[in-house]
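Everything on this sheet refers to the single structure shown next.
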Amino acid sequence: METANVPQQDISTYSGNKKAMYATQENGEYTTVASTGWSVEEEVTKQALQELERLADNAWQAVCSGTFSPLYFHMYNRRMDLPTLAQSTGFFQWRVKRHFKPAIFRKLPVKTMTRYSDALGLSCEILCTLPSERVPKDD
Amino acid sequence: MTDTHFKHDHFAHCESGVMSLMLRHHGLDLSEPMVFGLSAGIMFAYIPFVKLGGMPLIAYRNMPRGIIKGLQKNIGIKMKLHTFSNPEKGTAMLNTLLEQGKFVGAQTSVFWLPYFPPEMQFHFNGHNLIVYGRDKNEYLISDPVFENPVRCEIQDLQKARFVKGVMAPKGLLYYPEFVPAEIDFERVLPQVIRKNAKSMLKTPVPIAGVSGIRALARKIVKLAKKEPRYASLFLGHIVRMQEEIGTGGAGFRFIYASFLQESGVILNSQLLAESSQAMTTVGDEWREFALMIAKAIRNKQGKSIDFKAISDKLLSVADSEAEVYKRLIQI
């Protein structure tokens, strides 16, 4: 890639930041160019973000309908999935799954709740509640 | 405030950027591509059974910490590494090191660093940065992938350093203990380049090196039978690993081409100069591959994606890349 072809498409996912790209000058020598982004990268980052949003939306619905505990929503809302949450709390996946059941989640001891609270960076209070509305995030 | 005479710089990649900047502050001026190349950084791995966020691990470089380890092995620097089981102790150690006037490398999660834009906050634990000072409750941070120095509150950095899970940083801190005054490039460069080319060509497992690229290409054809959403996300994931994670473009291929060019000048080698150009072409082909995918997933209908064409493109990239290593192995 030549310096003149380094994309400068001011992509939304950079939020005004720039990335260093390696490209060749006219004499063929390599240099770095600060790039405001490539639409291809924006496309795939947005795709990943939209998928995370979709999972959180579905989880919100599932918690609303009472089939899952709020933990299920907060996990996805923090861009995690079952394996990630299990690893960051140190619980086995089957245990986390069990805690997705509202009746079991409600009776969890403080010690267990603290582990979730630490891993998700949310207070126990927030962890136990579901936000009353799902605000669609713009992308 | 323990501000210092530290000078930030903007790099493509976190680990190579940190090491380049850190060595520069210890009197050894090595560019980012040189650091990357000397650690035998170029790689490819497609590991279907290791999943990150539901997607298989796809890497365009060696393992995290591979650059630090590679440099220790190949150019004889000595790094001091600390990990901690207790977050408070990890923070206390960082503060002590800063008071001694050290610039300290740290491994963190990306998700918990507040200065990252929300669009970039993913659960990736292999990020690297330099802490170079402290101003009351805030650390002064040189994050190589950011244009300017940043700041981060003590509690936030502690959180980012002590997340658990895949590639958990365990509060890793590092700094050089010994840095050689100069490097015997004539001896080291051909050795490292040959070794790296060899591992790209001859790794026996079919998921690493050039055969890893081919394995991924075969997998892409099979995506046609998968659920369209998954297939589309899978393709997007490949491009994210190639372009979104600070790779300097084309999954580190341009950085490596730059390294080959620099080495060619040092060793006065025509073979390296030409290989650098060939690697640049390979990088351009990787970007064509990325563009093909972006176009395919943009029209949102998984069924209309021509998986065979994308797979063929990747196979041809693999062939071009193999050619470069076949030449490099002869140096």
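By convention here, the chains of the structure tokens are called A, B, ... in the order presented, each chain's residues are numbered starting at 1, and ligands are numbered starting at 1 in the order presented.
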
Only residues of chain A matter here; which ones have an atom within 9 Å of chain B, counting only C-alpha atoms? Give them as a PyMOL selection string. chain A and resi 1+12-15+17-24+28-32+34+38-49+51+79-81+83-90+118-119+121+139

Taking the chain letters and numbering used in this document, name the residues of stretch 27-85 of chain B that DSSP puts in alpha helix (DSSP H), as a list in words. Glu32, Pro33, Met34, Val35, Phe36, Gly37, Leu38, Gly66, Ile67, Ile68, Lys69, Gly70, Leu71, Gln72, Lys73, Asn74 and Ile75 of chain B

Those same residues - all heavy atoms - I'd like them written as a compact mmCIF listing (two decimals), in the first residue's frame.
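In the end it all went to selection_32.txt:
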```txt
# COMPACT_ATOMS: atom_id res chain seq x y z
N GLU B 32 9.70 -0.02 15.29
CA GLU B 32 8.66 -1.02 15.57
C GLU B 32 8.78 -2.23 14.63
O GLU B 32 8.75 -3.38 15.10
CB GLU B 32 7.26 -0.40 15.46
CG GLU B 32 6.16 -1.43 15.69
CD GLU B 32 4.76 -0.86 15.60
OE1 GLU B 32 4.55 0.13 14.88
OE2 GLU B 32 3.86 -1.43 16.25
N PRO B 33 8.94 -2.02 13.31
CA PRO B 33 9.11 -3.19 12.43
C PRO B 33 10.33 -4.03 12.82
O PRO B 33 10.27 -5.27 12.75
CB PRO B 33 9.30 -2.57 11.05
CG PRO B 33 8.63 -1.26 11.12
CD PRO B 33 8.84 -0.77 12.51
N MET B 34 11.42 -3.37 13.25
CA MET B 34 12.63 -4.10 13.63
C MET B 34 12.35 -4.97 14.86
O MET B 34 12.74 -6.14 14.92
CB MET B 34 13.73 -3.07 13.91
CG MET B 34 15.16 -3.54 13.80
SD MET B 34 15.53 -4.84 12.63
CE MET B 34 16.25 -4.01 11.27
N VAL B 35 11.65 -4.39 15.84
CA VAL B 35 11.27 -5.14 17.04
C VAL B 35 10.40 -6.34 16.66
O VAL B 35 10.61 -7.46 17.12
CB VAL B 35 10.52 -4.21 18.03
CG1 VAL B 35 9.71 -5.01 19.04
CG2 VAL B 35 11.50 -3.30 18.74
N PHE B 36 9.45 -6.07 15.76
CA PHE B 36 8.52 -7.11 15.34
C PHE B 36 9.27 -8.24 14.62
O PHE B 36 9.10 -9.41 14.92
CB PHE B 36 7.45 -6.50 14.43
CG PHE B 36 6.37 -7.46 14.02
CD1 PHE B 36 5.39 -7.84 14.93
CD2 PHE B 36 6.32 -7.98 12.74
CE1 PHE B 36 4.39 -8.72 14.57
CE2 PHE B 36 5.32 -8.87 12.36
CZ PHE B 36 4.35 -9.23 13.28
N GLY B 37 10.12 -7.85 13.69
CA GLY B 37 10.85 -8.83 12.90
C GLY B 37 11.87 -9.62 13.72
O GLY B 37 11.99 -10.83 13.58
N LEU B 38 12.57 -8.91 14.61
CA LEU B 38 13.61 -9.57 15.43
C LEU B 38 13.00 -10.57 16.41
O LEU B 38 13.70 -11.46 16.91
CB LEU B 38 14.42 -8.52 16.20
CG LEU B 38 15.51 -7.79 15.39
CD1 LEU B 38 16.10 -6.66 16.22
CD2 LEU B 38 16.61 -8.76 14.96
N GLY B 66 4.85 -12.92 22.90
CA GLY B 66 5.83 -13.52 22.00
C GLY B 66 6.91 -12.53 21.59
O GLY B 66 8.05 -12.93 21.32
N ILE B 67 6.54 -11.26 21.50
CA ILE B 67 7.53 -10.25 21.09
C ILE B 67 8.54 -10.03 22.21
O ILE B 67 9.76 -10.00 21.96
CB ILE B 67 6.80 -8.95 20.68
CG1 ILE B 67 6.05 -9.22 19.38
CG2 ILE B 67 7.79 -7.79 20.53
CD1 ILE B 67 5.17 -8.11 18.89
N ILE B 68 8.05 -9.94 23.43
CA ILE B 68 8.96 -9.80 24.58
C ILE B 68 9.89 -11.01 24.66
O ILE B 68 11.11 -10.87 24.73
CB ILE B 68 8.16 -9.67 25.90
CG1 ILE B 68 7.25 -8.44 25.85
CG2 ILE B 68 9.09 -9.61 27.10
CD1 ILE B 68 6.27 -8.33 27.01
N LYS B 69 9.29 -12.18 24.59
CA LYS B 69 10.09 -13.41 24.69
C LYS B 69 11.06 -13.54 23.53
O LYS B 69 12.22 -13.91 23.71
CB LYS B 69 9.16 -14.64 24.71
CG LYS B 69 8.50 -14.87 26.04
CD LYS B 69 7.67 -16.15 26.00
CE LYS B 69 6.73 -16.22 27.18
NZ LYS B 69 5.57 -17.09 26.91
N GLY B 70 10.58 -13.23 22.32
CA GLY B 70 11.41 -13.35 21.13
C GLY B 70 12.63 -12.43 21.20
O GLY B 70 13.73 -12.82 20.82
N LEU B 71 12.43 -11.23 21.70
CA LEU B 71 13.55 -10.29 21.80
C LEU B 71 14.56 -10.78 22.83
O LEU B 71 15.77 -10.66 22.63
CB LEU B 71 13.05 -8.90 22.19
CG LEU B 71 12.32 -8.11 21.10
CD1 LEU B 71 11.85 -6.78 21.64
CD2 LEU B 71 13.21 -7.89 19.88
N GLN B 72 14.07 -11.32 23.92
CA GLN B 72 15.00 -11.84 24.95
C GLN B 72 15.89 -12.92 24.35
O GLN B 72 17.08 -12.96 24.57
CB GLN B 72 14.22 -12.42 26.13
CG GLN B 72 13.37 -11.41 26.86
CD GLN B 72 13.10 -11.82 28.30
OE1 GLN B 72 13.71 -11.31 29.23
NE2 GLN B 72 12.19 -12.75 28.49
N LYS B 73 15.24 -13.77 23.56
CA LYS B 73 15.93 -14.91 23.00
C LYS B 73 16.91 -14.48 21.90
O LYS B 73 18.04 -14.94 21.83
CB LYS B 73 14.89 -15.86 22.42
CG LYS B 73 15.37 -17.27 22.24
CD LYS B 73 14.18 -18.16 21.87
CE LYS B 73 14.65 -19.34 21.07
NZ LYS B 73 13.56 -19.94 20.31
N ASN B 74 16.45 -13.59 21.04
CA ASN B 74 17.21 -13.30 19.82
C ASN B 74 18.24 -12.18 19.93
O ASN B 74 19.23 -12.19 19.23
CB ASN B 74 16.25 -13.00 18.66
CG ASN B 74 15.36 -14.19 18.34
OD1 ASN B 74 15.75 -15.33 18.57
ND2 ASN B 74 14.18 -13.94 17.85
N ILE B 75 17.98 -11.17 20.77
CA ILE B 75 18.97 -10.09 20.84
C ILE B 75 19.55 -9.89 22.24
O ILE B 75 20.25 -8.92 22.51
CB ILE B 75 18.43 -8.75 20.29
CG1 ILE B 75 17.25 -8.25 21.13
CG2 ILE B 75 18.03 -8.88 18.82
CD1 ILE B 75 16.87 -6.81 20.79
```

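With only C-alpha atoms as the atoms that count, the residue of A:Ala56, A:Ala62, A:Ile126, A:Val33 with the shortest distance to A:Gln8 is A:Val33.
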
Name the closest residue to B:Gly76 among the candidates B:Phe178, B:Phe289, B:Tyr230, B:Phe307; distances are taken between atoms, counting only C-alpha atoms. B:Phe178

Within 9 Å of B:Tyr139, counting only C-alpha atoms, which residues qualify if same-chain residues fewer than 3 places away don't, as a ChimeraX atom specification? /B:131-136,150-154,157
